[in-house]
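Colleague: Just so it is clear, I am handing over final-v7.txt, which has compact mmCIF, C-alpha atoms.
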```
# COMPACT_ATOMS: atom_id res chain seq x y z
CA MET A 1 14.91 -14.91 -40.27
CA PHE A 2 14.50 -12.84 -37.14
CA LYS A 3 17.03 -13.68 -34.45
CA ALA A 4 16.39 -10.63 -32.27
CA PHE A 5 13.59 -8.37 -31.07
CA LEU A 6 13.76 -4.74 -30.07
CA ILE A 7 11.44 -4.16 -27.09
CA LYS A 8 9.82 -0.74 -26.98
CA TYR A 9 8.49 0.70 -23.73
CA GLY A 10 6.39 3.78 -23.06
CA GLU A 11 6.23 5.81 -19.86
CA ILE A 12 9.25 4.03 -18.38
CA GLY A 13 11.22 6.36 -20.62
CA ILE A 14 10.19 9.42 -18.54
CA LYS A 15 11.09 7.98 -15.15
CA GLY A 16 14.23 10.07 -14.70
CA LYS A 17 16.79 8.80 -12.20
CA ASN A 18 14.62 5.78 -11.34
CA ARG A 19 14.32 4.68 -14.94
CA HIS A 20 16.89 1.90 -14.59
CA LEU A 21 14.80 0.24 -11.85
CA PHE A 22 11.79 0.00 -14.15
CA GLU A 23 13.95 -1.19 -17.05
CA ASP A 24 15.45 -3.91 -14.85
CA ALA A 25 11.97 -4.97 -13.74
CA LEU A 26 10.85 -5.17 -17.37
CA VAL A 27 13.89 -7.25 -18.27
CA ARG A 28 13.04 -9.68 -15.46
CA GLN A 29 9.40 -9.98 -16.54
CA ILE A 30 10.38 -10.57 -20.17
CA GLN A 31 12.87 -13.27 -19.19
CA LEU A 32 10.32 -14.96 -16.93
CA ALA A 33 7.73 -14.96 -19.73
CA LEU A 34 10.17 -16.41 -22.25
CA ASN A 35 11.30 -19.07 -19.79
CA GLN A 36 7.86 -20.64 -20.22
CA ILE A 37 8.28 -21.40 -23.92
CA ASP A 38 10.71 -23.47 -25.97
CA GLY A 39 13.89 -21.76 -27.08
CA GLU A 40 16.93 -20.05 -25.65
CA PHE A 41 16.44 -16.32 -25.17
CA ILE A 42 18.84 -13.69 -23.83
CA VAL A 43 17.25 -10.46 -22.60
CA ARG A 44 19.60 -7.51 -22.24
CA LYS A 45 19.76 -3.75 -21.87
CA GLU A 46 21.98 -1.59 -24.01
CA SER A 47 22.06 2.21 -24.33
CA GLY A 48 18.42 2.82 -23.46
CA ARG A 49 17.22 -0.18 -25.45
CA ILE A 50 16.01 -3.62 -24.39
CA TYR A 51 16.77 -6.51 -26.72
CA VAL A 52 15.77 -10.16 -26.88
CA ASP A 53 18.41 -12.28 -28.65
CA ILE A 54 17.50 -15.78 -29.80
CA VAL A 55 19.98 -18.65 -29.74
CA GLY A 56 19.04 -21.56 -31.99
CA GLU A 57 15.54 -22.55 -33.06
CA TYR A 58 12.34 -21.00 -31.68
CA ASP A 59 8.65 -20.57 -32.48
CA TYR A 60 8.08 -17.04 -33.77
CA GLU A 61 4.32 -16.85 -33.09
CA GLU A 62 4.66 -18.35 -29.61
CA THR A 63 7.42 -15.88 -28.76
CA ILE A 64 5.37 -12.88 -29.93
CA ASP A 65 2.39 -14.12 -27.90
CA ALA A 66 4.52 -14.45 -24.76
CA LEU A 67 5.89 -10.92 -25.20
CA GLN A 68 2.40 -9.50 -25.81
CA HIS A 69 1.41 -10.67 -22.31
CA VAL A 70 4.18 -8.69 -20.56
CA PHE A 71 3.02 -5.42 -19.03
CA GLY A 72 5.41 -2.57 -19.79
CA ILE A 73 5.96 -3.46 -23.46
CA VAL A 74 4.28 -1.10 -25.92
CA GLY A 75 5.89 -2.52 -29.06
CA ILE A 76 7.83 -5.56 -30.29
CA ALA A 77 10.04 -5.06 -33.33
CA PRO A 78 11.35 -8.22 -35.01
CA MET A 79 14.72 -7.20 -36.39
CA VAL A 80 17.87 -8.23 -38.14
CA GLN A 81 21.12 -7.25 -36.41
CA VAL A 82 24.27 -6.99 -38.47
CA GLU A 83 27.90 -6.18 -37.73
CA ASP A 84 29.24 -2.86 -38.99
CA LYS A 85 31.33 -3.83 -42.04
CA GLY A 86 30.80 -0.65 -43.97
CA PHE A 87 27.94 0.88 -45.89
CA GLU A 88 28.13 -1.53 -48.84
CA HIS A 89 27.66 -4.52 -46.55
CA LEU A 90 24.81 -2.76 -44.78
CA ALA A 91 23.09 -2.00 -48.09
CA GLU A 92 23.29 -5.68 -49.07
CA GLN A 93 21.70 -6.67 -45.75
CA VAL A 94 18.91 -4.09 -46.09
CA ILE A 95 18.07 -5.18 -49.64
CA SER A 96 18.03 -8.82 -48.49
CA TYR A 97 15.72 -7.83 -45.62
CA MET A 98 13.27 -5.94 -47.88
CA ASP A 99 13.22 -8.79 -50.37
CA ALA A 100 12.46 -11.40 -47.70
CA VAL A 101 9.86 -9.43 -45.69
CA TYR A 102 7.91 -7.82 -48.56
CA LYS A 103 7.05 -10.34 -51.26
CA ASP A 104 4.82 -7.78 -52.97
CA LYS A 105 7.21 -5.09 -54.14
CA HIS A 106 4.46 -2.64 -55.13
CA ILE A 107 4.79 -0.67 -51.89
CA THR A 108 5.78 2.78 -50.72
CA PHE A 109 8.50 3.19 -48.12
CA LYS A 110 10.52 5.63 -46.10
CA VAL A 111 13.96 5.06 -44.55
CA HIS A 112 14.33 6.39 -41.01
CA SER A 113 17.90 6.30 -39.69
CA VAL A 114 19.35 6.89 -36.23
CA ARG A 115 23.10 7.26 -35.77
CA GLY A 116 23.71 6.16 -32.20
CA ARG A 117 27.45 6.04 -32.81
CA LYS A 118 28.72 9.43 -33.91
CA ASN A 119 31.89 7.90 -35.40
CA TYR A 120 29.87 6.35 -38.20
CA PRO A 121 31.04 8.06 -41.43
CA LEU A 122 27.54 9.05 -42.62
CA ASN A 123 25.03 11.08 -40.65
CA SER A 124 21.38 10.07 -40.29
CA MET A 125 20.11 12.01 -43.29
CA GLU A 126 22.87 10.66 -45.52
CA ILE A 127 22.18 7.07 -44.44
CA SER A 128 18.48 7.47 -45.21
CA ARG A 129 19.11 9.16 -48.56
CA ASP A 130 21.71 6.71 -49.79
CA MET A 131 19.88 3.63 -48.55
CA GLY A 132 16.65 4.79 -50.19
CA ALA A 133 18.50 5.08 -53.48
CA ARG A 134 19.90 1.55 -53.13
CA ILE A 135 16.43 0.11 -52.41
CA LEU A 136 14.92 1.89 -55.44
CA ALA A 137 17.70 0.58 -57.64
CA ALA A 138 17.14 -2.99 -56.40
CA PHE A 139 13.33 -2.88 -56.54
CA PRO A 140 12.02 -0.55 -59.28
CA ASP A 141 8.38 -1.25 -58.27
CA MET A 142 8.90 0.34 -54.85
CA LYS A 143 8.33 4.06 -54.40
CA VAL A 144 9.45 6.55 -51.76
CA ASP A 145 6.74 8.33 -49.76
CA VAL A 146 8.09 10.43 -46.90
CA HIS A 147 4.65 11.55 -45.70
CA ASN A 148 2.46 8.43 -45.57
CA PRO A 149 4.55 5.36 -46.42
CA GLN A 150 3.25 1.82 -46.26
CA VAL A 151 6.59 0.72 -44.82
CA ASN A 152 8.78 2.61 -42.35
CA LEU A 153 12.22 1.04 -42.59
CA HIS A 154 14.30 1.75 -39.48
CA ILE A 155 18.09 1.59 -39.45
CA GLU A 156 19.78 2.15 -36.09
CA ILE A 157 23.55 2.49 -35.97
CA ARG A 158 24.58 1.23 -32.53
CA GLN A 159 27.21 -1.29 -31.38
CA LYS A 160 25.59 -3.46 -34.02
CA ILE A 161 23.20 -2.18 -36.67
CA ASN A 162 19.49 -2.83 -36.20
CA ILE A 163 17.19 -3.23 -39.21
CA PHE A 164 13.42 -3.41 -38.67
CA SER A 165 10.18 -2.20 -40.21
CA LYS A 166 7.36 -3.80 -38.24
CA VAL A 167 6.31 -2.96 -34.68
CA ILE A 168 3.81 -5.37 -33.14
CA PRO A 169 1.69 -3.79 -30.37
CA GLY A 170 2.31 -4.83 -26.77
CA CYS A 171 -0.13 -4.50 -23.88
CA GLY A 172 1.47 -1.37 -22.41
CA GLY A 173 1.35 -0.44 -18.75
CA MET A 174 4.12 -0.88 -16.19
CA PRO A 175 6.14 -4.01 -15.31
CA VAL A 176 4.49 -6.12 -12.63
CA GLY A 177 6.27 -5.71 -9.32
CA THR A 178 7.09 -2.01 -9.63
CA ASN A 179 4.09 -0.72 -7.66
CA GLY A 180 3.50 -2.96 -4.64
CA LYS A 181 0.88 -5.62 -4.01
CA ALA A 182 -2.92 -5.50 -3.70
CA MET A 183 -5.69 -7.96 -2.84
CA LEU A 184 -8.37 -8.53 -5.49
CA LEU A 185 -11.88 -9.54 -4.41
CA LEU A 186 -12.43 -12.06 -7.19
CA SER A 187 -15.89 -13.43 -7.97
CA GLY A 188 -17.02 -15.53 -10.90
CA GLY A 189 -18.42 -12.53 -12.76
CA ILE A 190 -17.20 -10.44 -15.66
CA ASP A 191 -16.04 -7.39 -13.72
CA SER A 192 -13.54 -8.44 -11.07
CA PRO A 193 -11.08 -10.26 -13.39
CA VAL A 194 -10.99 -7.13 -15.56
CA ALA A 195 -10.36 -4.98 -12.47
CA GLY A 196 -7.46 -7.26 -11.54
CA TYR A 197 -6.01 -7.09 -15.04
CA MET A 198 -6.22 -3.29 -15.12
CA THR A 199 -4.54 -2.91 -11.73
CA ALA A 200 -1.78 -5.37 -12.61
CA LYS A 201 -1.22 -3.33 -15.77
CA ARG A 202 -0.05 -0.49 -13.52
CA GLY A 203 2.70 -2.70 -12.09
CA VAL A 204 0.80 -4.06 -9.07
CA VAL A 205 1.35 -7.66 -7.90
CA LEU A 206 -1.99 -9.41 -7.39
CA GLU A 207 -3.30 -11.75 -4.76
CA ALA A 208 -7.00 -12.64 -4.73
CA THR A 209 -9.75 -13.60 -2.31
CA TYR A 210 -12.77 -15.66 -3.33
CA PHE A 211 -15.77 -16.19 -1.04
CA HIS A 212 -17.11 -19.72 -1.45
CA ALA A 213 -20.43 -20.84 0.04
CA PRO A 214 -20.83 -24.60 -0.14
CA PRO A 215 -23.26 -26.29 -0.59
CA TYR A 216 -25.00 -23.25 -2.07
CA THR A 217 -22.11 -22.79 -4.48
CA SER A 218 -20.63 -25.83 -6.19
CA ASP A 219 -17.10 -27.02 -6.81
CA ARG A 220 -17.65 -26.03 -10.45
CA ALA A 221 -18.25 -22.43 -9.33
CA LYS A 222 -15.00 -22.59 -7.38
CA GLN A 223 -13.13 -24.04 -10.37
CA LYS A 224 -14.52 -21.24 -12.51
CA VAL A 225 -12.84 -18.68 -10.24
CA VAL A 226 -9.58 -20.66 -10.26
CA ASP A 227 -9.74 -20.61 -14.07
CA LEU A 228 -10.36 -16.84 -14.09
CA ALA A 229 -7.40 -16.25 -11.78
CA SER A 230 -5.23 -18.39 -14.08
CA GLN A 231 -6.33 -16.38 -17.11
CA VAL A 232 -5.50 -13.07 -15.44
CA ALA A 233 -2.19 -14.60 -14.33
CA LYS A 234 -1.13 -14.90 -17.98
CA TYR A 235 -0.56 -11.14 -17.74
CA ALA A 236 -0.07 -10.59 -14.01
CA GLY A 237 2.17 -13.51 -13.08
CA PRO A 238 1.22 -16.17 -10.50
CA ILE A 239 -1.73 -15.21 -8.32
CA LYS A 240 -2.20 -16.58 -4.82
CA LEU A 241 -5.94 -17.23 -4.57
CA HIS A 242 -7.32 -17.37 -1.01
CA ILE A 243 -10.60 -19.31 -0.89
CA VAL A 244 -12.75 -18.36 2.11
CA ASN A 245 -15.64 -20.56 3.26
CA PHE A 246 -18.30 -17.90 3.77
CA THR A 247 -21.35 -20.12 4.28
CA ALA A 248 -21.71 -19.87 8.05
CA ILE A 249 -21.29 -16.09 8.00
CA GLN A 250 -23.86 -15.68 5.25
CA LEU A 251 -26.40 -17.89 6.96
CA TYR A 252 -25.94 -16.05 10.26
CA ILE A 253 -26.41 -12.66 8.61
CA TYR A 254 -29.44 -14.03 6.74
CA GLU A 255 -30.93 -15.20 10.03
CA LYS A 256 -30.26 -12.07 12.09
CA CYS A 257 -30.45 -9.06 9.74
CA PRO A 258 -33.17 -7.43 7.64
CA HIS A 259 -33.19 -9.01 4.20
CA GLU A 260 -33.05 -5.73 2.33
CA GLU A 261 -29.69 -5.09 4.06
CA LEU A 262 -28.18 -8.53 3.39
CA THR A 263 -26.07 -7.54 0.42
CA ILE A 264 -24.52 -4.53 2.15
CA ILE A 265 -23.79 -6.32 5.42
CA MET A 266 -22.36 -9.39 3.68
CA ARG A 267 -20.26 -7.13 1.51
CA ARG A 268 -18.93 -5.30 4.60
CA TYR A 269 -17.78 -8.60 6.11
CA MET A 270 -16.18 -9.64 2.84
CA MET A 271 -14.19 -6.41 2.84
CA LYS A 272 -13.14 -6.94 6.47
CA ILE A 273 -11.94 -10.48 5.75
CA ALA A 274 -10.19 -9.46 2.52
CA GLN A 275 -8.37 -6.68 4.38
CA THR A 276 -7.24 -9.11 7.08
CA LEU A 277 -5.86 -11.45 4.41
CA ALA A 278 -4.26 -8.50 2.62
CA GLU A 279 -2.49 -7.34 5.77
CA ALA A 280 -1.27 -10.88 6.49
CA ASN A 281 0.19 -11.19 2.99
CA GLY A 282 1.82 -7.79 2.60
CA ALA A 283 -0.80 -6.26 0.31
CA LEU A 284 -1.33 -2.52 0.63
CA ALA A 285 -4.78 -2.11 -0.95
CA LEU A 286 -7.96 -3.91 -1.96
CA ILE A 287 -9.28 -4.13 -5.54
CA THR A 288 -12.92 -4.59 -6.52
CA GLY A 289 -14.77 -4.72 -9.84
CA GLU A 290 -17.45 -2.26 -8.78
CA SER A 291 -18.94 0.28 -11.20
CA ILE A 292 -21.21 3.09 -10.02
CA GLY A 293 -24.87 2.19 -10.28
CA GLN A 294 -24.42 -1.21 -11.91
CA VAL A 295 -26.28 -3.02 -9.10
CA ALA A 296 -27.80 -2.05 -5.74
CA SER A 297 -24.55 -2.69 -3.84
CA GLN A 298 -22.69 -0.30 -6.17
CA THR A 299 -24.53 2.95 -5.63
CA ILE A 300 -22.41 5.70 -4.09
CA HIS A 301 -24.32 5.27 -0.82
CA SER A 302 -23.59 1.52 -0.83
CA LEU A 303 -19.93 1.99 -1.70
CA CYS A 304 -19.57 4.42 1.21
CA ALA A 305 -21.16 1.86 3.52
CA THR A 306 -18.74 -0.89 2.48
CA ASN A 307 -15.75 1.45 2.50
CA GLU A 308 -16.35 2.31 6.14
CA VAL A 309 -15.04 -1.04 7.35
CA CYS A 310 -11.69 -0.66 5.51
CA THR A 311 -8.64 1.23 6.68
CA MET A 312 -6.58 0.50 3.56
CA PRO A 313 -7.27 2.01 0.13
CA VAL A 314 -9.86 0.35 -2.11
CA PHE A 315 -9.05 0.52 -5.83
CA ARG A 316 -12.01 0.43 -8.21
CA PRO A 317 -10.54 0.72 -11.71
CA LEU A 318 -13.95 0.12 -13.36
CA ILE A 319 -15.81 2.73 -11.35
CA SER A 320 -16.95 4.84 -14.34
CA PHE A 321 -17.08 2.11 -16.99
CA ASP A 322 -20.23 1.08 -18.84
CA LYS A 323 -20.88 -2.66 -18.88
CA GLN A 324 -19.94 -2.88 -22.55
CA ASP A 325 -16.59 -1.24 -21.81
CA ILE A 326 -15.90 -3.99 -19.28
CA VAL A 327 -17.10 -6.76 -21.60
CA ASP A 328 -14.80 -5.49 -24.36
CA ILE A 329 -11.75 -5.80 -22.10
CA ALA A 330 -12.89 -9.23 -20.83
CA LEU A 331 -13.11 -10.42 -24.43
CA LYS A 332 -9.65 -9.03 -25.18
CA ILE A 333 -7.95 -10.73 -22.23
CA GLY A 334 -9.82 -14.02 -22.59
CA THR A 335 -11.88 -14.06 -19.38
CA TYR A 336 -15.34 -13.38 -20.82
CA GLU A 337 -16.28 -16.91 -21.90
CA THR A 338 -15.31 -18.28 -18.49
CA SER A 339 -17.12 -15.50 -16.62
CA ILE A 340 -20.46 -16.20 -18.33
CA GLN A 341 -20.48 -19.88 -17.44
CA PRO A 342 -23.72 -20.43 -15.48
CA PHE A 343 -22.31 -21.49 -12.12
CA GLU A 344 -23.73 -19.78 -9.06
CA ASP A 345 -21.89 -17.11 -7.11
CA CYS A 346 -22.17 -16.81 -3.32
CA CYS A 347 -23.42 -13.24 -3.71
CA THR A 348 -26.27 -14.18 -6.05
CA ILE A 349 -27.59 -16.94 -3.79
CA PHE A 350 -28.48 -14.58 -0.95
CA VAL A 351 -29.64 -11.52 -2.88
CA ALA A 352 -32.77 -9.85 -1.50
CA LYS A 353 -35.71 -9.13 -3.79
CA HIS A 354 -35.63 -5.45 -2.88
CA PRO A 355 -32.14 -4.55 -1.63
CA VAL A 356 -31.57 -1.15 -0.06
CA THR A 357 -29.84 1.22 -2.49
CA LYS A 358 -29.21 4.10 -0.09
CA PRO A 359 -28.12 2.40 3.14
CA ASN A 360 -28.05 4.50 6.28
CA LEU A 361 -24.91 3.68 8.27
CA LYS A 362 -26.63 4.20 11.61
CA ILE A 363 -29.26 1.63 10.66
CA ILE A 364 -26.61 -0.75 9.30
CA HIS A 365 -24.69 -0.47 12.58
CA ARG A 366 -27.84 -1.30 14.57
CA SER A 367 -28.49 -4.32 12.38
CA GLU A 368 -24.93 -5.54 12.84
CA GLU A 369 -25.32 -5.36 16.60
CA LYS A 370 -27.62 -8.38 16.27
CA LEU A 371 -24.59 -10.35 15.07
CA ALA A 372 -22.44 -9.61 18.12
CA GLU A 373 -22.91 -12.99 19.77
CA GLN A 374 -21.24 -15.14 17.12
CA ILE A 375 -19.91 -13.09 14.22
CA GLU A 376 -16.33 -12.66 15.46
CA GLU A 377 -15.97 -16.38 16.07
CA LEU A 378 -17.42 -17.17 12.63
CA VAL A 379 -15.00 -14.76 10.98
CA LYS A 380 -12.12 -16.31 12.91
CA GLN A 381 -13.17 -19.79 11.77
CA ALA A 382 -13.38 -18.62 8.16
CA LEU A 383 -9.88 -17.14 8.34
CA ASN A 384 -8.48 -20.27 10.00
CA THR A 385 -9.80 -22.51 7.22
CA VAL A 386 -8.71 -20.48 4.19
CA GLU A 387 -7.52 -22.60 1.28
CA THR A 388 -4.75 -21.00 -0.80
CA ILE A 389 -4.00 -21.98 -4.39
CA VAL A 390 -1.33 -20.53 -6.68
CA CYS A 391 -2.96 -19.98 -10.05
CA GLY A 392 -1.15 -19.93 -13.37
CA GLY A 393 1.45 -17.40 -14.31
CA ILE A 394 5.19 -17.66 -14.08
CA GLU A 395 6.68 -19.58 -11.20
```
Produce structure tokens that represent the structure in this file.
Modeller:
Amino acid sequence: MFKAFLIKYGEIGIKGKNRHLFEDALVRQIQLALNQIDGEFIVRKESGRIYVDIVGEYDYEETIDALQHVFGIVGIAPMVQVEDKGFEHLAEQVISYMDAVYKDKHITFKVHSVRGRKNYPLNSMEISRDMGARILAAFPDMKVDVHNPQVNLHIEIRQKINIFSKVIPGCGGMPVGTNGKAMLLLSGGIDSPVAGYMTAKRGVVLEATYFHAPPYTSDRAKQKVVDLASQVAKYAGPIKLHIVNFTAIQLYIYEKCPHEELTIIMRRYMMKIAQTLAEANGALALITGESIGQVASQTIHSLCATNEVCTMPVFRPLISFDKQDIVDIALKIGTYETSIQPFEDCCTIFVAKHPVTKPNLKIIHRSEEKLAEQIEELVKQALNTVETIVCGGIE
């Protein structure tokens, strides 16, 4: 019965003179999402509202699911739109709506009216009062409750008249593409896909870098990361995944540097390479899934040591999260089951038994001097052989 949806947004509404730019971005993202499913959809703006109109047949559940993956939407209201043919006609349409949507008539309700057109003959309070009376007359089992109703019936008098009573939650945030681009360091673990999701939720376009170490990591480990990128892309749009062969660099560091410093030094070179790829692809920041104290490489001392090699900002949206907080989001966005698949990660292969937790930068610098002979050439080779895959999302 629903041939239109009212799209509700949140903080876009307080953007002042730039508001139209964010609205336009949201319209584009909605249209792109709906282009991926069957049906003809028209997305439009009108008087501070965004609407989705449906032409012909469509799958209701599939459409709601597509809209729930668009950042910037806080609510989706399936609605009936009717022409203004007078109050009697409107009352007939509202009664038909209540009859169709609520099979059980033993409910409480409240009518909330908005008169967007001031030339409508009744004001908002009069519309609500008179429509409530009509509903009670049509359905004696229904009761009015203005304080805590089971059903909030909304009637909006605009160019057409909108009738709706259900608002399905969206994922919130800001439309992707409104806040620049960043490079995600994506591993096969639980944390980094969640960090990417959370950053994309703030309107940031994602690219990703994955450090592969064949033969120590398998093609199945690589596919796992491709799958994770594709799952995040359901929300973030298509993600360019840059796959870096890190084996030679890891082996060289393993050969030349103290083993308790391996994790920190390898991490520093990962950050350097990720920043180089970010700069080459127009990204303005790096994103990691680090959380303070979760592992040895994520103490404050270790984070300072890895940060030193970067000149661009490093976003760590999970920095104060407990592991369960991260798992809960991974479950919600559908990455958890993929993340826990038991395929090795290049970081786990070369972990020392007793990694340093409070690295001294002067000591780290001295250790890295032992790499001077070949490390720049190895990094160059790694960058020259990067494999790039576009994962999932909306083309």
Colleague: Give me the residues within 8 Å of Val82 (chain A) as a ChimeraX atom specification, counting all atoms listed in the file and dropping any in the same chain fewer than 4 places off.
Modeller: /A:90,93,160-162
Colleague: Kindly give the distance, in Å, that separates CA of Met79 (chain A) and CA of Asp24 (chain A), rounded to a single decimal.
Modeller: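 Separating CA of Met79 (chain A) from CA of Asp24 (chain A) is a distance of 21.8 Å.
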Colleague: Which one is closest to Met271 (chain A): A:Thr63, A:Gln381, A:Asn307, A:Gln231? Count only C-alpha atoms.
Modeller: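 The answer is A:Asn307, which sits nearest to Met271 (chain A).
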Colleague: As a PyMOL selection string, please: the residues near Pro78 (chain A) (cut-off 10 Å, only C-alpha atoms, same-chain neighbours under 3 positions excluded).
Modeller: chain A and resi 1-7+52+60+64+75+81+162-168
Colleague: Work out how far CA of Ser320 (chain A) is from CA of Ala274 (chain A), in Å to one decimal.
Modeller: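 Between CA of Ala274 (chain A) and CA of Ser320 (chain A) the gap works out to 23.1 Å.
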Colleague: Quick one: pull the distance between CA of Ala382 (chain A) and CA of Ala236 (chain A), Å, one decimal.
Modeller: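 Here the two named atoms are 27.1 Å from each other.
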Colleague: Taking only C-alpha atoms into account, which of A:Val205, A:Leu286, A:Ile249, A:Met174 comes nearest Lys15 (chain A)?
Modeller: A:Met174
Colleague: Check the smallest atom-to-atom distance from each of A:Asp130, A:Asp65, A:Glu260, A:Glu387 to Val226 (chain A) using all atoms listed in the file, then report the winner.
Modeller: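 The shortest atom-to-atom distance to Val226 (chain A) comes from A:Glu387.
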Colleague: Using the atoms already present, construct N, CA and C atoms for region 148-161 of chain A and hand them back as a tab-separated table (two decimals), in the coordinates of the input.
Modeller:
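Output (result13.tsv):
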```tsv
chain	number	residue	atom	x	y	z
A	148	ASN	N	3.38	9.48	-46.01
A	148	ASN	CA	2.46	8.43	-45.57
A	148	ASN	C	2.87	7.09	-46.19
A	149	PRO	N	4.05	6.60	-45.81
A	149	PRO	CA	4.55	5.36	-46.42
A	149	PRO	C	3.83	4.12	-45.89
A	150	GLN	N	3.77	3.11	-46.72
A	150	GLN	CA	3.25	1.82	-46.26
A	150	GLN	C	4.25	1.11	-45.35
A	151	VAL	N	5.53	1.37	-45.59
A	151	VAL	CA	6.59	0.72	-44.82
A	151	VAL	C	7.54	1.78	-44.29
A	152	ASN	N	7.75	1.78	-42.98
A	152	ASN	CA	8.78	2.61	-42.35
A	152	ASN	C	9.97	1.72	-42.04
A	153	LEU	N	11.02	1.85	-42.81
A	153	LEU	CA	12.22	1.04	-42.59
A	153	LEU	C	13.15	1.77	-41.63
A	154	HIS	N	13.44	1.14	-40.50
A	154	HIS	CA	14.30	1.75	-39.48
A	154	HIS	C	15.70	1.14	-39.54
A	155	ILE	N	16.69	2.02	-39.53
A	155	ILE	CA	18.09	1.59	-39.45
A	155	ILE	C	18.72	2.32	-38.27
A	156	GLU	N	19.17	1.57	-37.28
A	156	GLU	CA	19.78	2.15	-36.09
A	156	GLU	C	21.25	1.75	-36.02
A	157	ILE	N	22.11	2.75	-36.05
A	157	ILE	CA	23.55	2.49	-35.97
A	157	ILE	C	23.95	2.50	-34.49
A	158	ARG	N	24.15	1.34	-33.93
A	158	ARG	CA	24.58	1.23	-32.53
A	158	ARG	C	25.82	0.33	-32.50
A	159	GLN	N	26.04	-0.39	-31.40
A	159	GLN	CA	27.21	-1.29	-31.38
A	159	GLN	C	27.12	-2.25	-32.56
A	160	LYS	N	25.91	-2.79	-32.76
A	160	LYS	CA	25.59	-3.46	-34.02
A	160	LYS	C	24.58	-2.57	-34.73
A	161	ILE	N	24.17	-2.97	-35.91
A	161	ILE	CA	23.20	-2.18	-36.67
A	161	ILE	C	21.87	-2.92	-36.70
```
